[in-house]
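Comments concern the structure below.
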Amino acid sequence: MGKKGGKSMASTRISEQLPPHFDPTQAPVAFGNRALPRLSLELQDPQLCIRQRALAALCDLVHDPKRAYEAIHKGCLERLKVLLQDRDSSVRIKTTKVFYLLAAHNVGREAFLTWDVVAPLSDLLDEPVDACRKNMHRALKMVAEFPAGAVCIVTLGLVPRLVMKLPVEQEEIRALILATLSYCVRVDALPALASDGVPMLRNQLSHPSADIRRAAASAMLGISVPSEGKHKVCEEGVLPILVKLLSDCDPGVTASAAGTIMNTAIITEGKYQALKAGAIPPLLELVGSEDRAVCANALRALTTLAEAPCAREQLLEHLPLLKTRLNHPASIICRAAATAIRVISWTP
Amino acid sequence: MTSVLQPQKEAPNGTYTFASRPRPVQNRTKYREPAAEQSDGQSNYGNIMYDRRVVRGNTYAQHILPLAAQPDPIEVQRQQESRRRSVARKRAMEQFRPRTPEALEGRKHIDVQTELYLEELNDRIEDTSVECQTDAFLDKPATPLFIPAKSGKDVATQIEEGELFDFDMEVRPVLEVLVGKTVEQALLEVMEEEELASLRAQQRAFEELRNAELVEVQRLEEQERRHREEKERRITQQREVLKKEMETADKIAARAFAQHYLADLLPSVYTTLREHGYFYDPVERDIETGFLPWLMAHVSNTLEKRYVARAVLDMLIHDVTQKRLELFQQIQPHDHSTQ
């Protein structure tokens, strides 16, 4: 009696048919080492649907750092750069998404710098499709977050173009652009200043969204570091807005606002403008905050303001509050409190 | 079915266990006995030597089912070949069959009936119409439910829990793979986010330090600048003051000297002026400037008149004497001549 192998049961023999293709939107990924070379070949295919599917599969694979490393070293970056200029918008969206995922890994970021990806990526600044622009800005922000990337963006001269884009973009993208700018101005604030950065940022400071305010305040902090920045800030009348922001609920916003006041009050004009806008009472409140950045920035702002004699008079009454901060466990706050007390109690 | 399963509960001494007792197929009697029971099965063992269902004779030439579910490719090929060959043979046979020779030129073959009595050949099929009609429906009572009589033996079988396989043990590898893959994916995602978060935290800490140092540096710079400027200003102020003082001292010295120098200037000036006649008595001056010149002018006038008179007189005298002289001269020579 022969054995009848039932079709319902699994047999040990491997089927001659290919494995079932579950997801029609993704290309099937080959096994092991063949996965990425095959995908990079499919990326160059003249047929649109094959490219789209290969990109979808690549998006999923690149989350894994090993795969990301392989992808970079098999030269996928060149092909992806070509695909950035593709006519079909879904291909561009997926390509920018792959770049964003690659930028999340350190190998990816370094590869961006070696293979000069930032320039073609930034050509998409005027891209009509929103999703593509958003992914591109996400990727740019990720690149800007680490120092060499920020240097690269500044040397490419992207900062003026980004500042130009600020008023016209929608909200989420604006938040991303502001974050990118805030990292870039920490490297070099002069291009941003030259392209009217201060008025643009001032307009964003009063935006209802907390993300935008936080990023704008942080960018303002970076811009106010060089002396031209400080003069510009005083000229444009930003200090009253900053004083209002000191009472904001988001700690990032208050920390950056206090920091900007701290930087601007170094020049005499800044000091008197800040005092006229009534900066001292909110700053004194912020000194008692728990967030380290907020407290430290508030203390330092009071220190710079205390160089002016009228401020010193006011602050002499509040010395006990500052003395309570002397015993804080964080050394930054101790030092800031000590400096503040020393400056306030200085007599000529 | 049992032969395919792995013997799971293999006892250590190697005997084979089962849940439903394996039994040989029963020998079926020729005529059905409706009341045959299970207990009769024991006595109904058949002799396979006399069982009609057992294959007899040479098995090599028998047509057996192929081993593989799919047709053997060799078999398939052979069948195809034989089919092709038979088709070729038929075609060859067709060629050799004697046919009627072709018609001569200008003539055509047609079929003709050669029987005695001609038959009409046509394609029309003879048919007749037949009608039938059922009677109208009659009311009929409902048919009773038909329950066929029970025949045959009822046999039930049931797979109890744990008979086929032990779920907990079987599921372990599957579950491990599933959970492993999920956890791996989750770990990847968490790692990504953590990496980014730690990067950002590090940057923030660095940023704070940097801010602190920057602000401190700038503030001290500014302070230094202000102090320096203040100092400069004060120094210049002081210098100005000093210069002014010196100037004032100089001025005072000069004034004193000048005063001293010019102390006796005044009397000498006065005396000089008086000497030069700048302080005059007005009456005297008036006399001198007004009266005396007039007087002198009148005096000179008068004197001139006297001179003029004297001159006229002189001329008169001169004239007279001249005339006298001339007269005398005229006379004299006459005189001389007369003498």
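Numbering starts fresh at 1 for the residues of each chain in the structure tokens, the chains themselves are lettered A, B, ... in the order given, and ligands are numbered from 1 as they appear.
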Closest atom pairs, residues of segment 87-206 of chain A within 8 Å of segment 58-70 of chain A, only C-alpha atoms, as a tab-separated table:
residue	atom	partner	partner_atom	distance
A:Lys94	CA	A:Cys59	CA	7.4
A:Lys97	CA	A:Cys59	CA	7.1
A:Val98	CA	A:Cys59	CA	5.4
A:Leu101	CA	A:His63	CA	6.6
A:Leu102	CA	A:Ala68	CA	6.5
A:His105	CA	A:Pro65	CA	6.8
A:Val107	CA	A:Tyr69	CA	6.5
A:Gly108	CA	A:Ala68	CA	7.2
May I have the residues within 10 Å of Arg200 of chain B as a JSON list (two decimals) with N, CA and C atoms, in the first residue's frame, using only C-alpha atoms and disregarding those fewer than 6 positions away in the same chain?
[["chain", "number", "residue", "atom", "x", "y", "z"],
["A", 145, "GLU", "N", 22.32, 67.77, 13.16],
["A", 145, "GLU", "CA", 22.40, 67.57, 14.60],
["A", 145, "GLU", "C", 23.80, 67.23, 15.05],
["A", 146, "PHE", "N", 24.63, 66.72, 14.12],
["A", 146, "PHE", "CA", 25.96, 66.43, 14.62],
["A", 146, "PHE", "C", 26.94, 67.39, 13.97],
["B", 194, "GLU", "N", 17.28, 55.31, 21.24],
["B", 194, "GLU", "CA", 18.17, 55.59, 22.36],
["B", 194, "GLU", "C", 19.44, 56.25, 21.91],
["B", 206, "PHE", "N", 26.78, 69.50, 26.56],
["B", 206, "PHE", "CA", 27.88, 70.28, 26.01],
["B", 206, "PHE", "C", 27.45, 71.71, 25.72]]
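With atom CA of Thr155 of chain A on one side and atom CA of Asp188 of chain A on the other, the separation reads 9.6 Å.
With only C-alpha atoms taken into account, chain B has B:Leu188, B:Glu208, B:Val215, B:Arg219, B:Glu222 at most 7 Å from chain A.
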Dump as a PDB file, in the first residue's frame, selection limited to N, CA, C and O atoms:
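So the final result, stored in again-v1.pdb, reads:
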ATOM      1  N   LEU B 188      15.834  46.812  17.970  1.00  0.00           N
ATOM      2  CA  LEU B 188      16.423  47.678  16.944  1.00  0.00           C
ATOM      3  C   LEU B 188      15.845  49.077  17.035  1.00  0.00           C
ATOM      4  O   LEU B 188      16.563  50.066  17.047  1.00  0.00           O
ATOM      5  N   GLU B 208      25.116  73.413  27.192  1.00  0.00           N
ATOM      6  CA  GLU B 208      24.987  74.211  28.421  1.00  0.00           C
ATOM      7  C   GLU B 208      26.340  74.709  28.893  1.00  0.00           C
ATOM      8  O   GLU B 208      26.507  75.897  29.204  1.00  0.00           O
ATOM      9  N   VAL B 215      29.097  82.851  27.779  1.00  0.00           N
ATOM     10  CA  VAL B 215      28.504  84.033  28.402  1.00  0.00           C
ATOM     11  C   VAL B 215      29.472  84.653  29.383  1.00  0.00           C
ATOM     12  O   VAL B 215      29.648  85.869  29.430  1.00  0.00           O
ATOM     13  N   ARG B 219      30.841  88.249  29.048  1.00  0.00           N
ATOM     14  CA  ARG B 219      30.524  89.220  30.091  1.00  0.00           C
ATOM     15  C   ARG B 219      31.803  89.836  30.632  1.00  0.00           C
ATOM     16  O   ARG B 219      31.909  91.059  30.819  1.00  0.00           O
ATOM     17  N   GLU B 222      33.237  92.174  28.185  1.00  0.00           N
ATOM     18  CA  GLU B 222      32.484  93.420  28.172  1.00  0.00           C
ATOM     19  C   GLU B 222      32.865  94.270  29.378  1.00  0.00           C
ATOM     20  O   GLU B 222      33.114  95.476  29.272  1.00  0.00           O
TER      21      GLU B 222
END
Open item on the list: Taking only segment 53-216 of chain A into account, list the residues labelled helix (DSSP H, G or I) by DSSP (computed from the backbone), as a PyMOL selection string.
Closed with: chain A and resi 53-61+65-73+76-83+89-103+106-114+118-126+130-144+147-155+158-165+171-187+190-194+197-204+210-216
Which residues come within 12 Å of Ala175 of chain A, counting only C-alpha atoms, excluding same-chain residues fewer than 5 positions away, as an mmCIF file with N, CA, C and O atoms, in the first residue's frame?
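Okay, result.cif is ready:
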data_model
loop_
_atom_site.group_PDB
_atom_site.id
_atom_site.type_symbol
_atom_site.label_atom_id
_atom_site.label_comp_id
_atom_site.auth_asym_id
_atom_site.auth_seq_id
_atom_site.Cartn_x
_atom_site.Cartn_y
_atom_site.Cartn_z
ATOM 1 N N LYS A 134 9.101 67.183 3.386
ATOM 2 C CA LYS A 134 9.167 66.947 4.822
ATOM 3 C C LYS A 134 10.253 65.941 5.148
ATOM 4 O O LYS A 134 11.068 66.142 6.052
ATOM 5 N N HIS A 137 13.595 67.553 4.786
ATOM 6 C CA HIS A 137 13.967 68.406 5.911
ATOM 7 C C HIS A 137 14.306 67.603 7.130
ATOM 8 O O HIS A 137 15.199 67.960 7.911
ATOM 9 N N ARG A 138 13.602 66.464 7.307
ATOM 10 C CA ARG A 138 13.937 65.590 8.440
ATOM 11 C C ARG A 138 15.366 65.100 8.304
ATOM 12 O O ARG A 138 16.134 65.082 9.265
ATOM 13 N N LYS A 141 17.793 67.844 9.020
ATOM 14 C CA LYS A 141 17.878 68.163 10.447
ATOM 15 C C LYS A 141 18.741 67.143 11.148
ATOM 16 O O LYS A 141 19.582 67.476 11.996
ATOM 17 N N LEU A 162 17.520 78.493 3.647
ATOM 18 C CA LEU A 162 16.579 77.997 4.644
ATOM 19 C C LEU A 162 15.850 79.148 5.311
ATOM 20 O O LEU A 162 14.656 79.063 5.595
ATOM 21 N N LYS A 165 13.075 80.313 3.278
ATOM 22 C CA LYS A 165 11.938 79.397 3.217
ATOM 23 C C LYS A 165 11.052 79.501 4.439
ATOM 24 O O LYS A 165 9.944 78.979 4.454
ATOM 25 N N LEU A 166 11.557 80.140 5.493
ATOM 26 C CA LEU A 166 10.805 80.111 6.752
ATOM 27 C C LEU A 166 9.389 80.633 6.662
ATOM 28 O O LEU A 166 8.476 79.992 7.146
ATOM 29 N N PRO A 167 9.157 81.818 6.059
ATOM 30 C CA PRO A 167 7.776 82.317 6.124
ATOM 31 C C PRO A 167 6.806 81.518 5.264
ATOM 32 O O PRO A 167 5.609 81.528 5.520
ATOM 33 N N GLU A 169 6.724 78.144 4.417
ATOM 34 C CA GLU A 169 6.456 76.719 4.608
ATOM 35 C C GLU A 169 5.350 76.478 5.615
ATOM 36 O O GLU A 169 5.051 77.329 6.438
ATOM 37 N N GLN A 170 4.777 75.233 5.540
ATOM 38 C CA GLN A 170 3.766 74.892 6.527
ATOM 39 C C GLN A 170 4.415 74.532 7.856
ATOM 40 O O GLN A 170 5.610 74.403 7.965
ATOM 41 N N THR A 180 16.918 72.871 12.284
ATOM 42 C CA THR A 180 18.157 72.833 11.511
ATOM 43 C C THR A 180 18.937 74.132 11.664
ATOM 44 O O THR A 180 20.147 74.126 11.879
ATOM 45 N N LEU A 181 18.207 75.255 11.584
ATOM 46 C CA LEU A 181 18.875 76.555 11.703
ATOM 47 C C LEU A 181 19.522 76.712 13.065
ATOM 48 O O LEU A 181 20.624 77.251 13.176
ATOM 49 N N SER A 182 18.828 76.225 14.114
ATOM 50 C CA SER A 182 19.402 76.422 15.442
ATOM 51 C C SER A 182 20.684 75.636 15.601
ATOM 52 O O SER A 182 21.605 76.091 16.280
ATOM 53 N N LEU A 201 13.009 85.194 12.701
ATOM 54 C CA LEU A 201 12.873 84.422 13.916
ATOM 55 C C LEU A 201 11.951 85.115 14.892
ATOM 56 O O LEU A 201 11.203 84.461 15.617
ATOM 57 N N GLN A 204 8.503 84.175 14.313
ATOM 58 C CA GLN A 204 8.141 82.812 14.695
ATOM 59 C C GLN A 204 8.024 82.659 16.197
ATOM 60 O O GLN A 204 7.505 81.654 16.679
ATOM 61 N N LEU A 205 8.551 83.641 16.955
ATOM 62 C CA LEU A 205 8.571 83.452 18.397
ATOM 63 C C LEU A 205 7.172 83.474 18.996
ATOM 64 O O LEU A 205 6.956 82.955 20.070
ATOM 65 N N HIS A 207 4.501 82.099 17.708
ATOM 66 C CA HIS A 207 3.645 81.093 17.085
ATOM 67 C C HIS A 207 2.958 80.243 18.152
ATOM 68 O O HIS A 207 3.538 79.971 19.178
ATOM 69 N N PRO A 208 1.701 79.814 17.921
ATOM 70 C CA PRO A 208 1.014 78.993 18.935
ATOM 71 C C PRO A 208 1.665 77.634 19.176
ATOM 72 O O PRO A 208 1.559 77.101 20.268
ATOM 73 N N SER A 209 2.359 77.077 18.168
ATOM 74 C CA SER A 209 2.883 75.724 18.391
ATOM 75 C C SER A 209 4.144 75.767 19.250
ATOM 76 O O SER A 209 5.041 76.558 19.011
ATOM 77 N N ALA A 210 4.219 74.873 20.257
ATOM 78 C CA ALA A 210 5.351 74.914 21.186
ATOM 79 C C ALA A 210 6.650 74.503 20.514
ATOM 80 O O ALA A 210 7.707 75.046 20.807
ATOM 81 N N ASP A 211 6.566 73.546 19.583
ATOM 82 C CA ASP A 211 7.785 73.089 18.896
ATOM 83 C C ASP A 211 8.441 74.239 18.166
ATOM 84 O O ASP A 211 9.652 74.432 18.231
ATOM 85 N N ILE A 212 7.590 75.005 17.439
ATOM 86 C CA ILE A 212 8.149 76.103 16.648
ATOM 87 C C ILE A 212 8.762 77.144 17.565
ATOM 88 O O ILE A 212 9.854 77.664 17.312
ATOM 89 N N ARG A 213 8.088 77.428 18.663
ATOM 90 C CA ARG A 213 8.630 78.447 19.560
ATOM 91 C C ARG A 213 9.958 78.007 20.143
ATOM 92 O O ARG A 213 10.914 78.796 20.239
ATOM 93 N N ARG A 214 10.006 76.716 20.510
ATOM 94 C CA ARG A 214 11.221 76.220 21.126
ATOM 95 C C ARG A 214 12.385 76.318 20.156
ATOM 96 O O ARG A 214 13.469 76.795 20.495
ATOM 97 N N ALA A 215 12.135 75.862 18.927
ATOM 98 C CA ALA A 215 13.214 75.874 17.942
ATOM 99 C C ALA A 215 13.607 77.307 17.603
ATOM 100 O O ALA A 215 14.798 77.609 17.454
ATOM 101 N N ALA A 216 12.614 78.203 17.485
ATOM 102 C CA ALA A 216 12.930 79.596 17.133
ATOM 103 C C ALA A 216 13.737 80.248 18.248
ATOM 104 O O ALA A 216 14.697 80.987 17.990
ATOM 105 N N ALA A 217 13.329 79.968 19.521
ATOM 106 C CA ALA A 217 14.066 80.571 20.640
ATOM 107 C C ALA A 217 15.494 80.043 20.691
ATOM 108 O O ALA A 217 16.444 80.799 20.937
ATOM 109 N N SER A 218 15.636 78.751 20.404
ATOM 110 C CA SER A 218 16.979 78.198 20.434
ATOM 111 C C SER A 218 17.839 78.782 19.315
ATOM 112 O O SER A 218 19.032 79.070 19.509
ATOM 113 N N ALA A 219 17.247 79.004 18.147
ATOM 114 C CA ALA A 219 17.994 79.621 17.051
ATOM 115 C C ALA A 219 18.379 81.057 17.407
ATOM 116 O O ALA A 219 19.491 81.516 17.120
#
Task: Residue neighbourhood segment 240-246 of chain A, 7 Å, only C-alpha atoms, exclusion window fewer than 5 positions, as a ChimeraX atom specification - done: /A:254,257-258,277,279,282
Open item on the list: What does the structure give for the distance between atom CA of Met136 of chain A and atom CA of Ala56 of chain A, in Å to one decimal?
Closed with: 16.7 Å
